[in-house]
Amino acid sequence: MSNATIGFALCGSFCTFSRALAAMKALADAGYSILPIFSQNAASIDTRFGKAEDFVREAESIAGQKAILTIEQAEPIGPHQMTDLMLVAPCTGNTLAKLSNGITDTSVTMAVKSHLRGAKPVLVAVSTNDALAASAQNLGRLINTKHYYFVPFAQDAPFGKPNSLVADFEMIPQAVQEALEKRQLEPMILPPRIHQTHN
């Protein structure tokens with residue numbers, strides 16, 4: 001289904017933005033149409049990893065269209081059937097909690113809610129330091145929720161940050177293919193990245 005349209009939503013796990021945009025380019029190169037979506041924080045906060053406007057501009061360049069940046073812009077996604085799959089990459093613990101509890105107060109959560117009205121797949125690339133702590137219940141709830149699929153993930157620093165999980169962004173194209181067929185890419189839980197444990 002390389003002719004499918006992927007809603008690619010980025011939340012504020014800024015350290016993964018370069019990997020997310022590389023995955024976006026890989027999907028575009030594979031023939032998918034991309035609809036870029038940024039949370040308000042992702043679209044406005046500059047960090048040591050780069051300027052927000054530069055990330056938005058790069059995403060728009062890859063996709064060949066303007067990014068969705070507001071709740072109002074995201075609301076028509078479902079009614080107008082603008083996407084075949086919604087990918088949240090990266091998905092922060094904050095957004096994970098909102099999706100798990102049905103809270104719709106950002107452009108990204110509205111995009112997901114609007115997309116889901118058509119019972120279409122949502123693919124989550126988790127990236128949060130508290131995935132195995134405060135966010136664990138939300139992660140578990142979404143894993144057990146219909147229409148949700150996950151990019152395989154691992155502990156990225158099991159000794160330095162034992163509660164942290166990060167998706168393998170290089171596996172996004174494969175996970176997209178599976179989710180479009182309503183299948184979870186397995187194994188979902190990958191071995192810890194031990195080489196990063198003492199940074």
# chains A, B, ... in the order shown; residues from 1 in each chain; ligands from 1
>>> residues_around(residues="A:Ser100", least_positions_apart="5", cutoff="7 Å", atoms="only C-alpha atoms", output="list in words")
Asn138, Arg141 and Leu142 of chain A
>>> residues_around(residues="A:Pro192", least_positions_apart="4", cutoff="12 Å", atoms="only C-alpha atoms", output="list of chain:residue names")
A:Pro152, A:Phe153, A:Ala154, A:Gln155, A:Asp156, A:Ala157, A:Pro158, A:Phe159, A:Gly160, A:Lys161, A:Pro162, A:Asn163, A:Ser164, A:Leu165, A:Val166, A:Ala167, A:Asp168, A:Gln196, A:Thr197
>>> write_last_selection(atoms="N, CA and C atoms", output="PDB file, in the first residue's frame")
ATOM      1  N   PRO A 152       8.213  -1.430  17.210  1.00  0.00           N
ATOM      2  CA  PRO A 152       8.962  -2.145  18.245  1.00  0.00           C
ATOM      3  C   PRO A 152       9.892  -1.212  19.024  1.00  0.00           C
ATOM      4  N   PHE A 153       9.953  -1.467  20.332  1.00  0.00           N
ATOM      5  CA  PHE A 153      10.686  -0.581  21.229  1.00  0.00           C
ATOM      6  C   PHE A 153      11.567  -1.364  22.178  1.00  0.00           C
ATOM      7  N   ALA A 154      12.510  -0.629  22.811  1.00  0.00           N
ATOM      8  CA  ALA A 154      13.447  -1.244  23.752  1.00  0.00           C
ATOM      9  C   ALA A 154      13.827  -0.241  24.826  1.00  0.00           C
ATOM     10  N   GLN A 155      14.352  -0.758  25.926  1.00  0.00           N
ATOM     11  CA  GLN A 155      15.009   0.125  26.898  1.00  0.00           C
ATOM     12  C   GLN A 155      16.266   0.684  26.236  1.00  0.00           C
ATOM     13  N   ASP A 156      16.385   2.010  26.224  1.00  0.00           N
ATOM     14  CA  ASP A 156      17.549   2.604  25.563  1.00  0.00           C
ATOM     15  C   ASP A 156      18.723   2.800  26.504  1.00  0.00           C
ATOM     16  N   ALA A 157      18.500   2.718  27.807  1.00  0.00           N
ATOM     17  CA  ALA A 157      19.585   2.856  28.789  1.00  0.00           C
ATOM     18  C   ALA A 157      19.152   2.173  30.071  1.00  0.00           C
ATOM     19  N   PRO A 158      19.117   0.834  30.109  1.00  0.00           N
ATOM     20  CA  PRO A 158      18.495   0.112  31.212  1.00  0.00           C
ATOM     21  C   PRO A 158      19.141   0.303  32.572  1.00  0.00           C
ATOM     22  N   PHE A 159      20.401   0.737  32.626  1.00  0.00           N
ATOM     23  CA  PHE A 159      21.019   0.989  33.919  1.00  0.00           C
ATOM     24  C   PHE A 159      21.008   2.466  34.274  1.00  0.00           C
ATOM     25  N   GLY A 160      21.241   3.316  33.282  1.00  0.00           N
ATOM     26  CA  GLY A 160      21.233   4.754  33.543  1.00  0.00           C
ATOM     27  C   GLY A 160      19.833   5.337  33.640  1.00  0.00           C
ATOM     28  N   LYS A 161      18.895   4.813  32.807  1.00  0.00           N
ATOM     29  CA  LYS A 161      17.500   5.274  32.792  1.00  0.00           C
ATOM     30  C   LYS A 161      16.597   4.040  32.689  1.00  0.00           C
ATOM     31  N   PRO A 162      16.441   3.296  33.779  1.00  0.00           N
ATOM     32  CA  PRO A 162      15.770   1.989  33.688  1.00  0.00           C
ATOM     33  C   PRO A 162      14.297   2.038  33.304  1.00  0.00           C
ATOM     34  N   ASN A 163      13.664   3.191  33.411  1.00  0.00           N
ATOM     35  CA  ASN A 163      12.244   3.293  33.061  1.00  0.00           C
ATOM     36  C   ASN A 163      12.008   3.791  31.640  1.00  0.00           C
ATOM     37  N   SER A 164      13.072   4.069  30.901  1.00  0.00           N
ATOM     38  CA  SER A 164      12.973   4.690  29.583  1.00  0.00           C
ATOM     39  C   SER A 164      12.807   3.649  28.473  1.00  0.00           C
ATOM     40  N   LEU A 165      11.900   3.935  27.544  1.00  0.00           N
ATOM     41  CA  LEU A 165      11.723   3.133  26.337  1.00  0.00           C
ATOM     42  C   LEU A 165      11.768   4.041  25.117  1.00  0.00           C
ATOM     43  N   VAL A 166      12.382   3.554  24.046  1.00  0.00           N
ATOM     44  CA  VAL A 166      12.420   4.288  22.785  1.00  0.00           C
ATOM     45  C   VAL A 166      12.178   3.307  21.647  1.00  0.00           C
ATOM     46  N   ALA A 167      11.299   3.695  20.727  1.00  0.00           N
ATOM     47  CA  ALA A 167      11.039   2.870  19.554  1.00  0.00           C
ATOM     48  C   ALA A 167      12.259   2.846  18.645  1.00  0.00           C
ATOM     49  N   ASP A 168      12.354   1.785  17.853  1.00  0.00           N
ATOM     50  CA  ASP A 168      13.394   1.703  16.827  1.00  0.00           C
ATOM     51  C   ASP A 168      12.859   2.393  15.575  1.00  0.00           C
ATOM     52  N   GLN A 196      24.433   1.504  25.385  1.00  0.00           N
ATOM     53  CA  GLN A 196      24.138   2.902  25.704  1.00  0.00           C
ATOM     54  C   GLN A 196      23.896   3.119  27.201  1.00  0.00           C
ATOM     55  N   THR A 197      24.205   2.132  28.014  1.00  0.00           N
ATOM     56  CA  THR A 197      23.759   2.175  29.411  1.00  0.00           C
ATOM     57  C   THR A 197      24.599   3.058  30.314  1.00  0.00           C
TER      58      THR A 197
END
>>> residues_around(residues="stretch 18-30 of chain A", least_positions_apart="4", cutoff="8 Å", atoms="only C-alpha atoms", output="list in words")
Ser2, Phe8, Leu10, Ile34, Glu58, Ala59, Ile62, Ala63, Ala89, Pro90, Phe169, Glu170, Ile172 and Pro173 of chain A
>>> write_last_selection(atoms="N, CA and C atoms", output="PDB file, in the first residue's frame")
ATOM      1  N   SER A   2       1.869   1.287  -0.848  1.00  0.00           N
ATOM      2  CA  SER A   2       2.756   2.446  -0.852  1.00  0.00           C
ATOM      3  C   SER A   2       2.068   3.701  -1.371  1.00  0.00           C
ATOM      4  N   PHE A   8       1.742  11.826   9.744  1.00  0.00           N
ATOM      5  CA  PHE A   8       2.989  11.665  10.520  1.00  0.00           C
ATOM      6  C   PHE A   8       3.021  12.760  11.579  1.00  0.00           C
ATOM      7  N   LEU A  10       4.376  14.453  15.058  1.00  0.00           N
ATOM      8  CA  LEU A  10       5.547  14.554  15.925  1.00  0.00           C
ATOM      9  C   LEU A  10       5.190  15.270  17.226  1.00  0.00           C
ATOM     10  N   ILE A  34       2.623  11.846   2.575  1.00  0.00           N
ATOM     11  CA  ILE A  34       2.828  12.206   3.985  1.00  0.00           C
ATOM     12  C   ILE A  34       2.066  13.475   4.318  1.00  0.00           C
ATOM     13  N   GLU A  58      11.593  21.283   7.372  1.00  0.00           N
ATOM     14  CA  GLU A  58      12.121  20.054   6.781  1.00  0.00           C
ATOM     15  C   GLU A  58      11.002  19.047   6.535  1.00  0.00           C
ATOM     16  N   ALA A  59      10.083  18.914   7.487  1.00  0.00           N
ATOM     17  CA  ALA A  59       8.962  17.996   7.318  1.00  0.00           C
ATOM     18  C   ALA A  59       8.099  18.414   6.130  1.00  0.00           C
ATOM     19  N   ILE A  62       9.854  17.460   2.918  1.00  0.00           N
ATOM     20  CA  ILE A  62       9.762  16.027   2.627  1.00  0.00           C
ATOM     21  C   ILE A  62       8.370  15.674   2.108  1.00  0.00           C
ATOM     22  N   ALA A  63       7.349  16.225   2.773  1.00  0.00           N
ATOM     23  CA  ALA A  63       5.967  15.880   2.444  1.00  0.00           C
ATOM     24  C   ALA A  63       5.434  16.602   1.211  1.00  0.00           C
ATOM     25  N   ALA A  89       5.109   9.717  15.970  1.00  0.00           N
ATOM     26  CA  ALA A  89       6.527   9.386  16.091  1.00  0.00           C
ATOM     27  C   ALA A  89       7.371  10.655  16.131  1.00  0.00           C
ATOM     28  N   PRO A  90       7.884  11.023  17.282  1.00  0.00           N
ATOM     29  CA  PRO A  90       7.821  10.294  18.539  1.00  0.00           C
ATOM     30  C   PRO A  90       6.529  10.558  19.305  1.00  0.00           C
ATOM     31  N   PHE A 169      13.265   3.632  15.353  1.00  0.00           N
ATOM     32  CA  PHE A 169      12.718   4.434  14.269  1.00  0.00           C
ATOM     33  C   PHE A 169      13.055   3.869  12.890  1.00  0.00           C
ATOM     34  N   GLU A 170      14.125   3.087  12.800  1.00  0.00           N
ATOM     35  CA  GLU A 170      14.470   2.482  11.516  1.00  0.00           C
ATOM     36  C   GLU A 170      13.467   1.405  11.112  1.00  0.00           C
ATOM     37  N   ILE A 172      10.215   1.820  11.365  1.00  0.00           N
ATOM     38  CA  ILE A 172       8.928   2.453  11.066  1.00  0.00           C
ATOM     39  C   ILE A 172       8.353   2.021   9.715  1.00  0.00           C
ATOM     40  N   PRO A 173       9.126   2.013   8.620  1.00  0.00           N
ATOM     41  CA  PRO A 173       8.524   1.592   7.350  1.00  0.00           C
ATOM     42  C   PRO A 173       7.920   0.186   7.403  1.00  0.00           C
TER      43      PRO A 173
END
>>> select_by_dssp(residues="stretch 68-183 of chain A", states="strand (DSSP E)", output="list in words")
Leu85, Met86, Leu87, Val88, Ala89, Pro90, Cys91, Val122, Leu123, Val124, Ala125, Val126, Ser127, Thr128, Tyr148, Tyr149, Phe150, Phe153, Ala154, Gln155, Leu165, Val166 and Ala167 of chain A
>>> write_last_selection(atoms="N, CA, C and O atoms", output="PDB file, in the first residue's frame")
ATOM      1  N   LEU A  85      -3.416   5.854   7.609  1.00  0.00           N
ATOM      2  CA  LEU A  85      -2.775   5.439   8.861  1.00  0.00           C
ATOM      3  C   LEU A  85      -2.265   6.690   9.554  1.00  0.00           C
ATOM      4  O   LEU A  85      -1.758   7.601   8.899  1.00  0.00           O
ATOM      5  N   MET A  86      -2.402   6.720  10.876  1.00  0.00           N
ATOM      6  CA  MET A  86      -1.858   7.815  11.667  1.00  0.00           C
ATOM      7  C   MET A  86      -0.667   7.290  12.451  1.00  0.00           C
ATOM      8  O   MET A  86      -0.799   6.350  13.244  1.00  0.00           O
ATOM      9  N   LEU A  87       0.490   7.894  12.218  1.00  0.00           N
ATOM     10  CA  LEU A  87       1.726   7.525  12.902  1.00  0.00           C
ATOM     11  C   LEU A  87       2.103   8.641  13.872  1.00  0.00           C
ATOM     12  O   LEU A  87       2.224   9.797  13.458  1.00  0.00           O
ATOM     13  N   VAL A  88       2.270   8.302  15.149  1.00  0.00           N
ATOM     14  CA  VAL A  88       2.723   9.264  16.149  1.00  0.00           C
ATOM     15  C   VAL A  88       4.164   8.911  16.490  1.00  0.00           C
ATOM     16  O   VAL A  88       4.436   7.925  17.175  1.00  0.00           O
ATOM     17  N   ALA A  89       5.109   9.717  15.970  1.00  0.00           N
ATOM     18  CA  ALA A  89       6.527   9.386  16.091  1.00  0.00           C
ATOM     19  C   ALA A  89       7.371  10.655  16.131  1.00  0.00           C
ATOM     20  O   ALA A  89       7.497  11.310  15.095  1.00  0.00           O
ATOM     21  N   PRO A  90       7.884  11.023  17.282  1.00  0.00           N
ATOM     22  CA  PRO A  90       7.821  10.294  18.539  1.00  0.00           C
ATOM     23  C   PRO A  90       6.529  10.558  19.305  1.00  0.00           C
ATOM     24  O   PRO A  90       5.915  11.608  19.138  1.00  0.00           O
ATOM     25  N   CYS A  91       6.162   9.575  20.139  1.00  0.00           N
ATOM     26  CA  CYS A  91       5.022   9.739  21.042  1.00  0.00           C
ATOM     27  C   CYS A  91       5.552   9.857  22.467  1.00  0.00           C
ATOM     28  O   CYS A  91       6.136   8.913  22.999  1.00  0.00           O
ATOM     29  N   VAL A 122      -3.721   3.227  14.002  1.00  0.00           N
ATOM     30  CA  VAL A 122      -2.831   4.220  14.598  1.00  0.00           C
ATOM     31  C   VAL A 122      -1.559   3.493  15.010  1.00  0.00           C
ATOM     32  O   VAL A 122      -1.614   2.479  15.710  1.00  0.00           O
ATOM     33  N   LEU A 123      -0.422   3.994  14.565  1.00  0.00           N
ATOM     34  CA  LEU A 123       0.874   3.397  14.874  1.00  0.00           C
ATOM     35  C   LEU A 123       1.643   4.337  15.791  1.00  0.00           C
ATOM     36  O   LEU A 123       1.809   5.513  15.475  1.00  0.00           O
ATOM     37  N   VAL A 124       2.112   3.802  16.913  1.00  0.00           N
ATOM     38  CA  VAL A 124       2.755   4.614  17.944  1.00  0.00           C
ATOM     39  C   VAL A 124       4.234   4.248  18.052  1.00  0.00           C
ATOM     40  O   VAL A 124       4.587   3.072  18.188  1.00  0.00           O
ATOM     41  N   ALA A 125       5.097   5.265  17.992  1.00  0.00           N
ATOM     42  CA  ALA A 125       6.534   5.097  18.230  1.00  0.00           C
ATOM     43  C   ALA A 125       6.860   5.779  19.545  1.00  0.00           C
ATOM     44  O   ALA A 125       7.124   6.983  19.600  1.00  0.00           O
ATOM     45  N   VAL A 126       6.821   5.007  20.614  1.00  0.00           N
ATOM     46  CA  VAL A 126       6.964   5.566  21.950  1.00  0.00           C
ATOM     47  C   VAL A 126       8.385   6.080  22.187  1.00  0.00           C
ATOM     48  O   VAL A 126       9.359   5.510  21.700  1.00  0.00           O
ATOM     49  N   SER A 127       8.488   7.184  22.913  1.00  0.00           N
ATOM     50  CA  SER A 127       9.785   7.725  23.303  1.00  0.00           C
ATOM     51  C   SER A 127       9.601   8.534  24.573  1.00  0.00           C
ATOM     52  O   SER A 127       9.251   9.706  24.540  1.00  0.00           O
ATOM     53  N   THR A 128       9.834   7.882  25.714  1.00  0.00           N
ATOM     54  CA  THR A 128       9.624   8.568  26.989  1.00  0.00           C
ATOM     55  C   THR A 128      10.456   7.938  28.096  1.00  0.00           C
ATOM     56  O   THR A 128      10.615   6.710  28.150  1.00  0.00           O
ATOM     57  N   TYR A 148      -4.810   0.216  17.648  1.00  0.00           N
ATOM     58  CA  TYR A 148      -3.484   0.732  17.995  1.00  0.00           C
ATOM     59  C   TYR A 148      -2.419  -0.329  17.750  1.00  0.00           C
ATOM     60  O   TYR A 148      -2.580  -1.494  18.119  1.00  0.00           O
ATOM     61  N   TYR A 149      -1.316   0.111  17.151  1.00  0.00           N
ATOM     62  CA  TYR A 149      -0.163  -0.746  16.891  1.00  0.00           C
ATOM     63  C   TYR A 149       1.086   0.016  17.321  1.00  0.00           C
ATOM     64  O   TYR A 149       1.069   1.247  17.440  1.00  0.00           O
ATOM     65  N   PHE A 150       2.168  -0.718  17.550  1.00  0.00           N
ATOM     66  CA  PHE A 150       3.387  -0.088  18.064  1.00  0.00           C
ATOM     67  C   PHE A 150       4.606  -0.412  17.215  1.00  0.00           C
ATOM     68  O   PHE A 150       4.784  -1.556  16.773  1.00  0.00           O
ATOM     69  N   PHE A 153       9.953  -1.467  20.332  1.00  0.00           N
ATOM     70  CA  PHE A 153      10.686  -0.581  21.229  1.00  0.00           C
ATOM     71  C   PHE A 153      11.567  -1.364  22.178  1.00  0.00           C
ATOM     72  O   PHE A 153      11.421  -2.579  22.340  1.00  0.00           O
ATOM     73  N   ALA A 154      12.510  -0.629  22.811  1.00  0.00           N
ATOM     74  CA  ALA A 154      13.447  -1.244  23.752  1.00  0.00           C
ATOM     75  C   ALA A 154      13.827  -0.241  24.826  1.00  0.00           C
ATOM     76  O   ALA A 154      13.653   0.967  24.655  1.00  0.00           O
ATOM     77  N   GLN A 155      14.352  -0.758  25.926  1.00  0.00           N
ATOM     78  CA  GLN A 155      15.009   0.125  26.898  1.00  0.00           C
ATOM     79  C   GLN A 155      16.266   0.684  26.236  1.00  0.00           C
ATOM     80  O   GLN A 155      17.098  -0.069  25.733  1.00  0.00           O
ATOM     81  N   LEU A 165      11.900   3.935  27.544  1.00  0.00           N
ATOM     82  CA  LEU A 165      11.723   3.133  26.337  1.00  0.00           C
ATOM     83  C   LEU A 165      11.768   4.041  25.117  1.00  0.00           C
ATOM     84  O   LEU A 165      11.230   5.149  25.151  1.00  0.00           O
ATOM     85  N   VAL A 166      12.382   3.554  24.046  1.00  0.00           N
ATOM     86  CA  VAL A 166      12.420   4.288  22.785  1.00  0.00           C
ATOM     87  C   VAL A 166      12.178   3.307  21.647  1.00  0.00           C
ATOM     88  O   VAL A 166      12.769   2.221  21.604  1.00  0.00           O
ATOM     89  N   ALA A 167      11.299   3.695  20.727  1.00  0.00           N
ATOM     90  CA  ALA A 167      11.039   2.870  19.554  1.00  0.00           C
ATOM     91  C   ALA A 167      12.259   2.846  18.645  1.00  0.00           C
ATOM     92  O   ALA A 167      13.080   3.771  18.643  1.00  0.00           O
TER      93      ALA A 167
END
>>> residues_around(residues="A:Leu35", least_positions_apart="3", cutoff="9 Å", atoms="only C-alpha atoms", output="ChimeraX atom specification")
/A:5-9,60,63-68,82-83
>>> residues_around(residues="A:Ile45", least_positions_apart="6", cutoff="10 Å", atoms="only C-alpha atoms", output="PyMOL selection string")
chain A and resi 12+14+51-53
>>> write_last_selection(atoms="N, CA and C atoms", output="PDB file, in the first residue's frame")
ATOM      1  N   GLY A  12       6.837  16.221  21.396  1.00  0.00           N
ATOM      2  CA  GLY A  12       8.045  16.874  21.863  1.00  0.00           C
ATOM      3  C   GLY A  12       9.150  16.043  22.479  1.00  0.00           C
ATOM      4  N   PHE A  14      12.278  15.767  21.614  1.00  0.00           N
ATOM      5  CA  PHE A  14      13.109  16.464  20.633  1.00  0.00           C
ATOM      6  C   PHE A  14      14.368  15.694  20.238  1.00  0.00           C
ATOM      7  N   LYS A  51      16.165  24.041  15.984  1.00  0.00           N
ATOM      8  CA  LYS A  51      15.089  25.017  16.037  1.00  0.00           C
ATOM      9  C   LYS A  51      13.794  24.408  15.521  1.00  0.00           C
ATOM     10  N   ALA A  52      12.697  24.720  16.214  1.00  0.00           N
ATOM     11  CA  ALA A  52      11.397  24.164  15.847  1.00  0.00           C
ATOM     12  C   ALA A  52      11.037  24.491  14.400  1.00  0.00           C
ATOM     13  N   GLU A  53      11.243  25.727  13.999  1.00  0.00           N
ATOM     14  CA  GLU A  53      10.850  26.124  12.641  1.00  0.00           C
ATOM     15  C   GLU A  53      11.631  25.353  11.582  1.00  0.00           C
TER      16      GLU A  53
END
>>> closest_residue(among="A:Cys11, A:Leu185, A:Val151, A:Ala136", to="A:Thr95", atoms="only C-alpha atoms")
A:Cys11
>>> select_by_dssp(residues="stretch 32-126 of chain A", states="alpha helix (DSSP H)", output="PyMOL selection string")
chain A and resi 40-44+52-63+71-74+93-100+107-116
>>> residues_around(residues="A:Leu116", least_positions_apart="5", cutoff="8 Å", atoms="only C-alpha atoms", output="PDB file with N, CA and C atoms, in the first residue's frame")
ATOM      1  N   GLY A  78     -10.465  13.137   9.851  1.00  0.00           N
ATOM      2  CA  GLY A  78     -11.382  12.012   9.772  1.00  0.00           C
ATOM      3  C   GLY A  78     -12.543  12.241   8.830  1.00  0.00           C
ATOM      4  N   PRO A 121      -6.016   2.353  11.353  1.00  0.00           N
ATOM      5  CA  PRO A 121      -4.927   2.058  12.287  1.00  0.00           C
ATOM      6  C   PRO A 121      -4.133   3.284  12.737  1.00  0.00           C
ATOM      7  N   VAL A 122      -3.721   3.227  14.002  1.00  0.00           N
ATOM      8  CA  VAL A 122      -2.831   4.220  14.598  1.00  0.00           C
ATOM      9  C   VAL A 122      -1.559   3.493  15.010  1.00  0.00           C
ATOM     10  N   HIS A 147      -7.233  -1.013  17.185  1.00  0.00           N
ATOM     11  CA  HIS A 147      -6.751  -0.093  16.154  1.00  0.00           C
ATOM     12  C   HIS A 147      -5.383   0.519  16.472  1.00  0.00           C
TER      13      HIS A 147
END
>>> closest_residue(among="A:Thr109, A:Thr104, A:Asn94, A:Thr47", to="A:Phe17", atoms="only C-alpha atoms")
A:Thr47
